[in-house]
Each structure stands twice: as C-alpha cells, then as structure tokens.
$ cat target-v6.cif   # mmCIF, C-alpha atoms
data_structure
#
loop_
_atom_site.label_atom_id
_atom_site.label_comp_id
_atom_site.auth_asym_id
_atom_site.auth_seq_id
_atom_site.Cartn_x
_atom_site.Cartn_y
_atom_site.Cartn_z
CA MET P 1 110.83 80.47 116.24
CA ASP P 2 111.12 79.41 112.58
CA TYR P 3 111.52 82.84 111.01
CA LEU P 4 112.43 81.39 107.61
CA ARG P 5 109.17 79.42 107.51
CA ILE P 6 107.15 82.50 108.46
CA ALA P 7 109.00 84.60 105.89
CA GLY P 8 108.16 82.02 103.24
CA SER P 9 104.51 82.05 104.30
CA ALA P 10 104.46 85.84 104.09
CA LEU P 11 105.87 85.66 100.56
CA LEU P 12 103.24 83.11 99.47
CA ASN P 13 100.46 85.23 100.95
CA ALA P 14 101.81 88.23 99.08
CA VAL P 15 101.71 86.35 95.78
CA GLY P 16 98.01 85.70 96.39
CA LEU P 17 97.48 89.36 97.35
CA PRO P 18 94.68 88.60 99.85
CA GLY P 19 94.61 92.21 100.99
CA PHE P 20 93.39 93.40 97.58
CA GLU P 21 90.03 91.67 97.87
CA ALA P 22 87.20 94.16 98.30
CA LYS P 23 85.74 94.10 101.79
CA LYS P 24 81.99 94.53 102.18
CA GLN P 25 80.66 96.66 105.01
CA HIS P 26 77.76 94.29 105.54
CA SER P 27 75.67 91.73 103.68
CA GLU P 28 72.00 90.85 103.44
CA THR P 29 72.40 88.18 106.11
CA TYR P 30 74.01 88.31 109.52
CA PRO P 31 77.70 89.03 108.93
CA ARG P 32 80.26 86.59 110.22
CA ALA P 33 82.92 87.84 112.60
CA VAL P 34 86.01 88.85 110.66
CA SER P 35 88.93 86.47 111.17
CA ARG P 36 91.77 88.12 113.03
CA PRO P 37 95.26 87.97 111.51
CA THR P 38 97.25 84.89 112.45
CA ASN P 39 100.33 87.00 113.24
CA ASP P 40 99.26 88.20 116.71
CA HIS P 41 101.99 86.12 118.35
CA LEU P 42 104.74 87.96 116.46
CA SER P 43 106.55 90.80 118.19
CA PRO P 44 107.91 93.84 116.31
CA ASP P 45 111.40 92.29 116.64
CA ASP P 46 110.11 89.07 115.05
CA VAL P 47 108.69 90.99 112.07
CA THR P 48 111.96 92.90 111.69
CA ARG P 49 113.90 89.61 111.54
CA ILE P 50 111.48 88.30 108.92
CA ALA P 51 111.96 91.49 106.91
CA LEU P 52 115.72 91.01 106.96
CA LEU P 53 115.35 87.42 105.73
CA LEU P 54 113.09 88.55 102.89
CA CYS P 55 115.71 91.15 101.91
CA GLU P 56 118.02 88.28 101.02
CA LYS P 57 115.61 87.11 98.31
CA LEU P 58 113.71 90.25 97.28
CA PRO P 59 114.45 93.87 96.40
CA ARG P 60 114.42 95.91 99.62
CA ASP P 61 111.63 98.21 98.41
CA LEU P 62 109.36 95.21 97.88
CA VAL P 63 109.71 93.81 101.41
CA PRO P 64 107.30 96.26 103.16
CA LEU P 65 104.67 95.43 100.51
CA VAL P 66 105.08 91.71 101.20
CA LEU P 67 104.70 92.27 104.95
CA ASP P 68 101.60 94.40 104.33
CA SER P 69 100.03 91.67 102.19
CA ALA P 70 100.74 89.17 104.99
CA GLN P 71 99.11 91.65 107.43
CA MET P 72 102.12 91.66 109.75
CA TRP P 73 100.83 94.65 111.66
CA LYS P 74 100.63 95.67 115.30
CA VAL P 75 97.71 96.98 117.35
CA VAL P 76 98.87 100.41 118.53
CA ASP P 77 95.77 101.57 120.35
CA GLU P 78 92.18 100.64 121.16
CA SER P 79 89.13 102.17 122.79
CA LEU P 80 86.08 100.42 124.27
CA SER P 81 82.80 101.97 125.36
CA LEU P 82 80.45 99.79 127.40
CA ARG P 83 77.95 102.54 128.20
CA PRO P 84 74.44 101.43 127.13
CA ASP P 85 72.65 104.09 125.12
CA ARG P 86 69.44 104.75 123.21
CA ILE P 87 69.23 107.08 120.23
CA GLY P 88 65.92 108.25 118.79
CA GLU P 89 65.01 110.37 115.80
CA HIS P 90 65.03 113.72 117.63
CA GLN P 91 68.42 113.28 119.26
CA GLY P 92 70.60 113.63 116.18
CA PRO P 93 73.91 111.73 115.93
CA LYS P 94 75.36 110.82 119.32
CA LEU P 95 79.02 110.17 120.02
CA GLN P 96 79.54 106.58 121.27
CA ALA P 97 83.31 106.06 121.26
CA ALA P 98 86.46 108.00 120.42
CA LEU P 99 90.13 107.15 120.07
CA ILE P 100 93.01 109.65 119.86
CA LEU P 101 96.07 108.14 118.19
CA PRO P 102 99.43 108.26 120.05
CA PRO P 103 101.31 111.52 119.37
CA HIS P 104 104.43 109.75 118.06
CA LEU P 105 102.56 107.89 115.28
CA PRO P 106 103.79 109.03 111.83
CA GLN P 107 101.39 109.71 108.98
CA GLY P 108 100.94 106.71 106.70
CA ALA P 109 101.63 104.08 109.39
CA VAL P 110 97.98 103.05 109.97
CA ARG P 111 96.92 100.02 107.95
CA ARG P 112 93.55 99.03 109.43
CA ILE P 113 90.76 100.24 111.71
CA ARG P 114 88.53 97.59 113.27
CA PHE P 115 85.10 98.53 114.63
CA THR P 116 83.25 96.11 116.92
CA ILE P 117 79.67 97.21 117.54
CA GLU P 118 76.95 95.41 119.50
CA SER P 119 73.52 96.94 118.94
CA GLN P 120 69.92 96.51 117.80
CA ASP P 121 67.08 98.62 116.48
CA GLN P 122 63.71 99.06 118.23
CA GLY P 123 62.78 95.44 117.47
CA TRP P 124 59.59 95.94 115.49
CA SER P 125 58.53 97.14 112.05
CA SER P 126 55.49 97.00 109.77
CA ARG P 127 57.63 95.81 106.83
CA LEU P 128 57.68 92.08 107.51
CA SER P 129 59.42 91.30 104.22
CA ASP P 130 62.57 93.00 105.52
CA ASP P 131 62.76 90.95 108.74
CA SER P 132 66.28 89.71 109.57
CA THR P 133 67.86 91.69 106.70
CA TYR P 134 69.59 95.05 106.40
CA ARG P 135 66.96 96.41 104.02
CA GLY P 136 64.86 99.34 105.17
CA SER P 137 66.66 99.81 108.48
CA TRP P 138 66.96 103.40 109.67
CA THR P 139 69.35 102.92 112.60
CA TRP P 140 73.05 102.87 111.85
CA PHE P 141 76.60 103.91 112.84
CA GLU P 142 79.11 106.25 111.23
CA ALA P 143 82.76 107.09 111.80
CA GLY P 144 84.71 110.26 111.13
CA ILE P 145 88.28 111.45 111.54
CA ARG P 146 89.24 114.67 113.27
CA GLY P 147 92.70 116.11 112.87
CA LEU P 148 92.54 118.00 116.14
CA ASP P 149 95.34 118.54 118.65
CA PRO P 150 94.15 117.80 122.23
CA SER P 151 96.90 120.06 123.62
CA ASN P 152 95.58 123.09 121.70
CA ALA P 153 93.08 125.19 123.69
CA ASP P 154 90.70 125.80 120.75
CA ASP P 155 90.75 122.17 119.63
CA GLN P 156 90.30 121.05 123.23
CA ALA P 157 87.14 123.13 123.51
CA THR P 158 85.81 121.52 120.32
CA LEU P 159 86.47 118.02 121.65
CA LEU P 160 84.78 118.79 124.96
CA ALA P 161 81.76 120.24 123.16
CA ALA P 162 81.36 116.97 121.24
CA VAL P 163 81.52 114.91 124.43
CA ASP P 164 79.12 117.22 126.27
CA CYS P 165 76.72 117.08 123.36
CA GLN P 166 75.44 113.60 124.18
CA HIS P 167 74.43 114.56 127.74
CA ARG P 168 72.15 117.44 126.85
CA ASN P 169 68.37 117.51 126.49
CA ALA P 170 67.48 115.40 123.46
CA LEU P 171 64.75 117.84 122.39
CA ASP P 172 66.95 120.93 122.73
CA ASP P 173 67.50 122.64 119.34
CA GLU P 174 70.94 123.80 120.43
CA HIS P 175 71.87 120.19 121.21
CA LYS P 176 70.88 119.09 117.72
CA ARG P 177 72.76 121.98 116.12
CA LEU P 178 75.93 121.09 118.02
CA CYS P 179 75.67 117.43 117.05
CA LEU P 180 75.17 118.24 113.39
CA GLN P 181 78.02 120.75 113.50
CA ASN P 182 80.13 118.04 115.11
CA VAL P 183 79.53 115.72 112.14
CA THR P 184 80.22 118.35 109.45
CA ARG P 185 83.64 119.07 110.95
CA TYR P 186 84.95 115.64 110.00
CA LYS P 187 87.61 115.66 107.32
CA TYR P 188 86.33 113.68 104.30
CA GLY P 189 82.93 113.63 106.02
CA SER P 190 81.59 110.75 108.10
CA ARG P 191 81.25 107.26 106.61
CA ASN P 192 78.72 104.53 107.30
CA ILE P 193 80.15 101.61 109.32
CA VAL P 194 77.14 99.32 109.61
CA THR P 195 73.34 99.33 109.71
CA ASN P 196 71.34 97.45 112.33
CA VAL P 197 69.47 94.29 111.38
CA HIS P 198 65.81 95.12 110.59
CA PRO P 199 63.97 94.53 112.85
CA SER P 200 65.95 92.81 115.59
CA GLU P 201 64.79 91.95 119.10
CA ASP P 202 68.31 90.83 120.05
CA PHE P 203 71.65 92.57 120.15
CA VAL P 204 73.85 91.68 117.17
CA LYS P 205 77.63 92.01 117.13
CA HIS P 206 79.16 93.42 113.96
CA ILE P 207 82.90 93.45 113.25
CA VAL P 208 83.79 95.79 110.40
CA GLU P 209 87.31 96.48 109.13
CA TRP P 210 88.51 99.46 107.13
CA ASP P 211 91.93 99.13 105.51
CA SER P 212 94.04 100.85 102.88
CA TYR P 213 92.45 98.67 100.16
CA HIS P 214 88.86 99.62 101.02
CA GLU P 215 86.45 100.03 98.10
CA ASP P 216 85.45 103.52 99.34
CA ASP P 217 87.98 106.11 98.16
CA GLY P 218 87.09 108.37 101.10
CA VAL P 219 87.89 105.61 103.59
CA ARG P 220 91.25 104.95 101.92
CA ARG P 221 92.13 108.65 102.10
CA MET P 222 91.08 108.83 105.75
CA ILE P 223 93.38 105.94 106.66
CA LYS P 224 96.25 107.43 104.68
CA GLU P 225 95.87 110.78 106.51
CA LEU P 226 95.79 109.33 110.03
CA LYS P 227 98.68 110.31 112.30
CA GLY P 228 99.48 111.07 115.92
CA GLY P 229 96.79 113.28 117.47
CA SER P 230 94.09 112.26 114.97
CA ARG P 231 90.79 111.42 116.65
CA ILE P 232 88.55 108.61 115.38
CA GLU P 233 84.92 109.00 116.45
CA VAL P 234 81.95 106.63 116.17
CA SER P 235 78.43 108.06 116.31
CA ALA P 236 75.05 106.32 116.44
CA HIS P 237 72.11 107.46 114.28
CA ALA P 238 68.35 106.99 113.98
CA ARG P 239 65.88 108.48 111.52
CA PHE P 240 62.09 108.72 111.23
CA PRO P 241 59.49 108.42 114.04
CA GLY P 242 59.52 105.19 116.00
CA TRP P 243 63.06 104.19 115.07
CA CYS P 244 65.50 103.72 117.97
CA ASN P 245 69.13 102.64 117.99
CA TYR P 246 70.00 100.67 121.12
CA VAL P 247 73.75 100.52 121.73
CA LYS P 248 75.36 97.93 124.02
CA SER P 249 79.05 98.48 123.24
CA VAL P 250 81.36 100.10 120.69
CA ALA P 251 85.08 99.35 120.29
CA ILE P 252 87.71 100.90 118.01
CA GLU P 253 91.04 99.19 117.30
CA VAL P 254 93.88 100.54 115.14
CA GLU P 255 96.65 98.45 113.54
CA CYS P 256 99.86 99.86 112.06
CA ALA P 257 102.68 98.58 109.88
CA ILE P 258 105.78 97.59 111.83
CA VAL P 259 108.14 97.83 108.83
CA ARG P 260 107.29 100.64 106.41
CA ARG P 261 110.61 101.00 104.61
CA MET P 262 113.91 99.11 104.32
#

$ encode --input "target-v6.cif" --output "structure tokens"
Amino acid sequence: MDYLRIAGSALLNAVGLPGFEAKKQHSETYPRAVSRPTNDHLSPDDVTRIALLLCEKLPRDLVPLVLDSAQMWKVVDESLSLRPDRIGEHQGPKLQAALILPPHLPQGAVRRIRFTIESQDQGWSSRLSDDSTYRGSWTWFEAGIRGLDPSNADDQATLLAAVDCQHRNALDDEHKRLCLQNVTRYKYGSRNIVTNVHPSEDFVKHIVEWDSYHEDDGVRRMIKELKGGSRIEVSAHARFPGWCNYVKSVAIEVECAIVRRM
C-alpha cells in the first residue's frame, strides 16, 4: 500500500478543511445519501503508519488534526433495528434503537454518529402545498445520550423501563408518563435527527451524520461527552390527531479517531 501517497492526500484534505463545512440535518427536497468516507479499506495499523509519515513533515501535535480532517476514523460499534412500528399522537415518544458504547472507549474518541432511518408519515394531508417537502410534517425522530452504567442495578432498572415502555398500552397514562420521563433524562436533552417527508406514501431512507463540527452546540457537546457505557437512543415521534409515524428500520453507527495524540 502506498502510505506516502495516502499521507499526502490526507494533508491536502486537511488544507481544504472539508470537515468544517456545516452539515444540514435535512433539506426541502429529498436528501441524498451521505457519501461514506473513502478510508474504509484502511486498518488501524495503516492509519498509524500514515501518522508516523506525517510526523516527518509536520509538528506532532498537528498530525491528529490532519487525520481528523481526512476522516481517518474507524467504526467501533453499530446497532440495527428492523422491527416495523407505528407511532400515533397518543403514544408519546417510542424507543426505536439503542446502542451502548464499548466499556473501554475513552471520552473524546468519538468523531461521528451516523443515523440511517427508513420511515414515512401517514401518507395523506390536507395541505397540498407541502406535498413532497419537509414543511408542516408532524412525524419525526430524535436522539439522546444517556450516561448510564448497564452494570449498575439502578441504571439497569432505568434502561429496562425505557425498553418496556414501548410495549405497554398506548392509551395508558402511566405509559405516556414513563416515555416523557425517559426523554427528560437525556443529558443535553434530545435532538431532532430528521422529519418525515410530508405527506409520503412511500418509505424514504434518510442518512444523517452528527460530528464534532456540527452546527448545533448541543450536538457537539454530546459527541464530546460520549465514552464507554454511554447509551445512544433513537425515538420516534408523532403529534396532532391523524398523524402517524411508520418506522421500517433504524440504524446507529459510531466512528472514532484511531490516532488522537502523538
């Protein structure tokens, strides 16, 4: 493998600072799938070799920043939920997918969270001017970060309560209270990932990425705080009578820096 060529490419990418461009959560037209990094074929050993080559030309403290700008990261964990679901107004937020980060992961290592969601709303609306846009849609998805320890008995009970919440009677007041309590426990609150296309008769796949350069300060802080044992949760929402959020699949993927200091 031509490590010198890749190191040079990483340096050129860093000069352009592509990672500092603001990322939009969604647009007024169907969003395009986000392009995956072109470094998937590189192993952690490959990235380490590239870092050592860059150290010959750059100050050592600058090398991790160059690798970050070139997005030379590694997927450390992923979660996929293929359980079809339907969320109406009276059901409150419903947990769709969750990912607990590996216990050995140090704080500050996470660089990006990728959400892949395939969903649709109820498929009809009286506001024809908003057809095939994201305007006026009242079905959406949010994500929150829990700093709970699955090995702790009290935290374990909280996690189980959140999972059990989605299986209870949708019209039960206690169910709604638990779901709302579940959301308010998120550190930094929950953040909107994406809204469904209004109104859509077909499932639409959205790929949304949150990284350490995100325009939302709360998202940036969430990513910075992530560490081993942190739990990322995705919930589906619907509001107002007649609105339904149909969920086909939800996936969470986390990428981390391979070289964080030299």

$ closest_residue --input "target-v6.cif" --among "P:Asn196, P:Ser125, P:Ser230, P:Ser79" --to "Gln96 (chain P)" --atoms "only C-alpha atoms"
P:Ser79

$ closest_residue --input "target-v6.cif" --among "P:Ala236, P:Ile117, P:Ile258, P:Met222" --to "His206 (chain P)" --atoms "only C-alpha atoms"
P:Ile117

$ residues_around --input "target-v6.cif" --residues "Ala143 (chain P)" --least-positions-apart "5" --cutoff "12 Å" --atoms "only C-alpha atoms" --output "ChimeraX atom specification"
/P:93-99,113-115,117,182-184,186-194,208-210,218-219,222-223,231-237,250-252

$ resolve_selection --input "target-v6.cif" --expression "the PyMOL selection byres ((chain P and resi 259) around 12)" --output "CSV table (one decimal) with C-alpha atoms, in the frame of the given file"
chain,number,residue,atom,x,y,z
P,43,SER,CA,106.6,90.8,118.2
P,44,PRO,CA,107.9,93.8,116.3
P,45,ASP,CA,111.4,92.3,116.6
P,46,ASP,CA,110.1,89.1,115.0
P,47,VAL,CA,108.7,91.0,112.1
P,48,THR,CA,112.0,92.9,111.7
P,49,ARG,CA,113.9,89.6,111.5
P,50,ILE,CA,111.5,88.3,108.9
P,51,ALA,CA,112.0,91.5,106.9
P,52,LEU,CA,115.7,91.0,107.0
P,60,ARG,CA,114.4,95.9,99.6
P,61,ASP,CA,111.6,98.2,98.4
P,62,LEU,CA,109.4,95.2,97.9
P,63,VAL,CA,109.7,93.8,101.4
P,64,PRO,CA,107.3,96.3,103.2
P,65,LEU,CA,104.7,95.4,100.5
P,66,VAL,CA,105.1,91.7,101.2
P,67,LEU,CA,104.7,92.3,105.0
P,68,ASP,CA,101.6,94.4,104.3
P,71,GLN,CA,99.1,91.6,107.4
P,72,MET,CA,102.1,91.7,109.8
P,73,TRP,CA,100.8,94.6,111.7
P,74,LYS,CA,100.6,95.7,115.3
P,108,GLY,CA,100.9,106.7,106.7
P,109,ALA,CA,101.6,104.1,109.4
P,110,VAL,CA,98.0,103.0,110.0
P,111,ARG,CA,96.9,100.0,108.0
P,256,CYS,CA,99.9,99.9,112.1
P,257,ALA,CA,102.7,98.6,109.9
P,258,ILE,CA,105.8,97.6,111.8
P,260,ARG,CA,107.3,100.6,106.4
P,261,ARG,CA,110.6,101.0,104.6
P,262,MET,CA,113.9,99.1,104.3

$ atom_distance --input "target-v6.cif" --atom1 "CA of Glu255 (chain P)" --atom2 "CA of Ser69 (chain P)"
13.6 Å

$ closest_residue --input "target-v6.cif" --among "P:Arg135, P:Arg112, P:His198, P:His90" --to "Tyr213 (chain P)" --atoms "all atoms listed in the file"
P:Arg112

$ closest_residue --input "target-v6.cif" --among "P:Val76, P:Ser132, P:Gln122, P:Lys248" --to "Lys205 (chain P)" --atoms "all atoms listed in the file"
P:Lys248

$ closest_residue --input "target-v6.cif" --among "P:Asn245, P:Gln120, P:Ser137, P:Ser126" --to "Phe203 (chain P)" --atoms "all atoms listed in the file"
P:Gln120

$ resolve_selection --input "target-v6.cif" --expression "the PyMOL selection byres ((chain P and resi 229) around 6)" --output "JSON, numbers by chain"
{"P": [100, 101, 103, 149, 228, 230]}

$ residues_around --input "target-v6.cif" --residues "Lys227 (chain P)" --least-positions-apart "6" --cutoff "7 Å" --atoms "only C-alpha atoms" --output "list in words"
Leu101, Leu105, Pro106 and Gln107 of chain P

$ resolve_selection --input "target-v6.cif" --expression "the PyMOL selection byres ((chain P and resi 138) around 7)" --output "list of chain:residue names"
P:Gly136, P:Ser137, P:Thr139, P:Trp140, P:Ala238, P:Arg239, P:Trp243

$ axis_aligned_box --input "target-v6.cif" --around "region 222-239 of chain P" --padding-each-side "4 Å" --output "lines of an AutoDock Vina configuration file"
center_x = 82.7
center_y = 109.6
center_z = 111.1
size_x = 41.6
size_y = 15.3
size_z = 20.8

$ atom_distance --input "target-v6.cif" --atom1 "CA of Arg220 (chain P)" --atom2 "CA of Ile87 (chain P)"
28.7 Å

$ atom_distance --input "target-v6.cif" --atom1 "CA of Val75 (chain P)" --atom2 "CA of Leu42 (chain P)"
11.5 Å

$ closest_residue --input "target-v6.cif" --among "P:Asp121, P:Leu54, P:Arg127, P:Arg83" --to "Phe141 (chain P)" --atoms "only C-alpha atoms"
P:Asp121

$ build_atoms --input "target-v6.cif" --residues "region 118-137 of chain P" --atoms "N, CA and C atoms" --output "PDB file, keeping the file's coordinate frame"
ATOM      1  N   GLU P 118      78.040  96.289 119.084  1.00  0.00           N
ATOM      2  CA  GLU P 118      76.950  95.410 119.500  1.00  0.00           C
ATOM      3  C   GLU P 118      75.715  96.279 119.726  1.00  0.00           C
ATOM      4  N   SER P 119      74.676  96.040 118.931  1.00  0.00           N
ATOM      5  CA  SER P 119      73.520  96.940 118.940  1.00  0.00           C
ATOM      6  C   SER P 119      72.294  96.259 118.360  1.00  0.00           C
ATOM      7  N   GLN P 120      71.159  96.977 118.423  1.00  0.00           N
ATOM      8  CA  GLN P 120      69.920  96.510 117.800  1.00  0.00           C
ATOM      9  C   GLN P 120      69.040  97.721 117.532  1.00  0.00           C
ATOM     10  N   ASP P 121      68.045  97.543 116.645  1.00  0.00           N
ATOM     11  CA  ASP P 121      67.080  98.620 116.480  1.00  0.00           C
ATOM     12  C   ASP P 121      65.925  98.402 117.459  1.00  0.00           C
ATOM     13  N   GLN P 122      64.807  99.096 117.255  1.00  0.00           N
ATOM     14  CA  GLN P 122      63.710  99.060 118.230  1.00  0.00           C
ATOM     15  C   GLN P 122      63.028  97.704 118.319  1.00  0.00           C
ATOM     16  N   GLY P 123      63.292  96.814 117.365  1.00  0.00           N
ATOM     17  CA  GLY P 123      62.780  95.440 117.470  1.00  0.00           C
ATOM     18  C   GLY P 123      61.455  95.172 116.815  1.00  0.00           C
ATOM     19  N   TRP P 124      60.854  96.186 116.177  1.00  0.00           N
ATOM     20  CA  TRP P 124      59.590  95.940 115.490  1.00  0.00           C
ATOM     21  C   TRP P 124      59.529  96.811 114.244  1.00  0.00           C
ATOM     22  N   SER P 125      58.711  96.372 113.277  1.00  0.00           N
ATOM     23  CA  SER P 125      58.530  97.140 112.050  1.00  0.00           C
ATOM     24  C   SER P 125      57.310  96.592 111.328  1.00  0.00           C
ATOM     25  N   SER P 126      56.657  97.440 110.537  1.00  0.00           N
ATOM     26  CA  SER P 126      55.490  97.000 109.770  1.00  0.00           C
ATOM     27  C   SER P 126      55.883  96.343 108.449  1.00  0.00           C
ATOM     28  N   ARG P 127      57.175  96.402 108.097  1.00  0.00           N
ATOM     29  CA  ARG P 127      57.630  95.810 106.830  1.00  0.00           C
ATOM     30  C   ARG P 127      58.186  94.409 107.101  1.00  0.00           C
ATOM     31  N   LEU P 128      57.296  93.445 107.152  1.00  0.00           N
ATOM     32  CA  LEU P 128      57.680  92.080 107.510  1.00  0.00           C
ATOM     33  C   LEU P 128      58.620  91.459 106.495  1.00  0.00           C
ATOM     34  N   SER P 129      58.566  91.894 105.245  1.00  0.00           N
ATOM     35  CA  SER P 129      59.420  91.300 104.220  1.00  0.00           C
ATOM     36  C   SER P 129      60.898  91.615 104.436  1.00  0.00           C
ATOM     37  N   ASP P 130      61.178  92.607 105.256  1.00  0.00           N
ATOM     38  CA  ASP P 130      62.570  93.000 105.520  1.00  0.00           C
ATOM     39  C   ASP P 130      63.112  92.412 106.825  1.00  0.00           C
ATOM     40  N   ASP P 131      62.312  91.554 107.493  1.00  0.00           N
ATOM     41  CA  ASP P 131      62.760  90.950 108.740  1.00  0.00           C
ATOM     42  C   ASP P 131      64.090  90.223 108.559  1.00  0.00           C
ATOM     43  N   SER P 132      64.990  90.400 109.521  1.00  0.00           N
ATOM     44  CA  SER P 132      66.280  89.710 109.570  1.00  0.00           C
ATOM     45  C   SER P 132      67.179  90.048 108.374  1.00  0.00           C
ATOM     46  N   THR P 133      66.975  91.208 107.771  1.00  0.00           N
ATOM     47  CA  THR P 133      67.860  91.690 106.700  1.00  0.00           C
ATOM     48  C   THR P 133      68.348  93.084 107.088  1.00  0.00           C
ATOM     49  N   TYR P 134      69.141  93.674 106.203  1.00  0.00           N
ATOM     50  CA  TYR P 134      69.590  95.050 106.400  1.00  0.00           C
ATOM     51  C   TYR P 134      68.807  96.028 105.539  1.00  0.00           C
ATOM     52  N   ARG P 135      67.772  95.550 104.868  1.00  0.00           N
ATOM     53  CA  ARG P 135      66.960  96.410 104.020  1.00  0.00           C
ATOM     54  C   ARG P 135      65.996  97.234 104.868  1.00  0.00           C
ATOM     55  N   GLY P 136      65.861  98.498 104.529  1.00  0.00           N
ATOM     56  CA  GLY P 136      64.860  99.340 105.170  1.00  0.00           C
ATOM     57  C   GLY P 136      65.116  99.654 106.618  1.00  0.00           C
ATOM     58  N   SER P 137      66.341  99.482 107.087  1.00  0.00           N
ATOM     59  CA  SER P 137      66.660  99.810 108.480  1.00  0.00           C
ATOM     60  C   SER P 137      67.133 101.256 108.550  1.00  0.00           C
TER      61      SER P 137
END
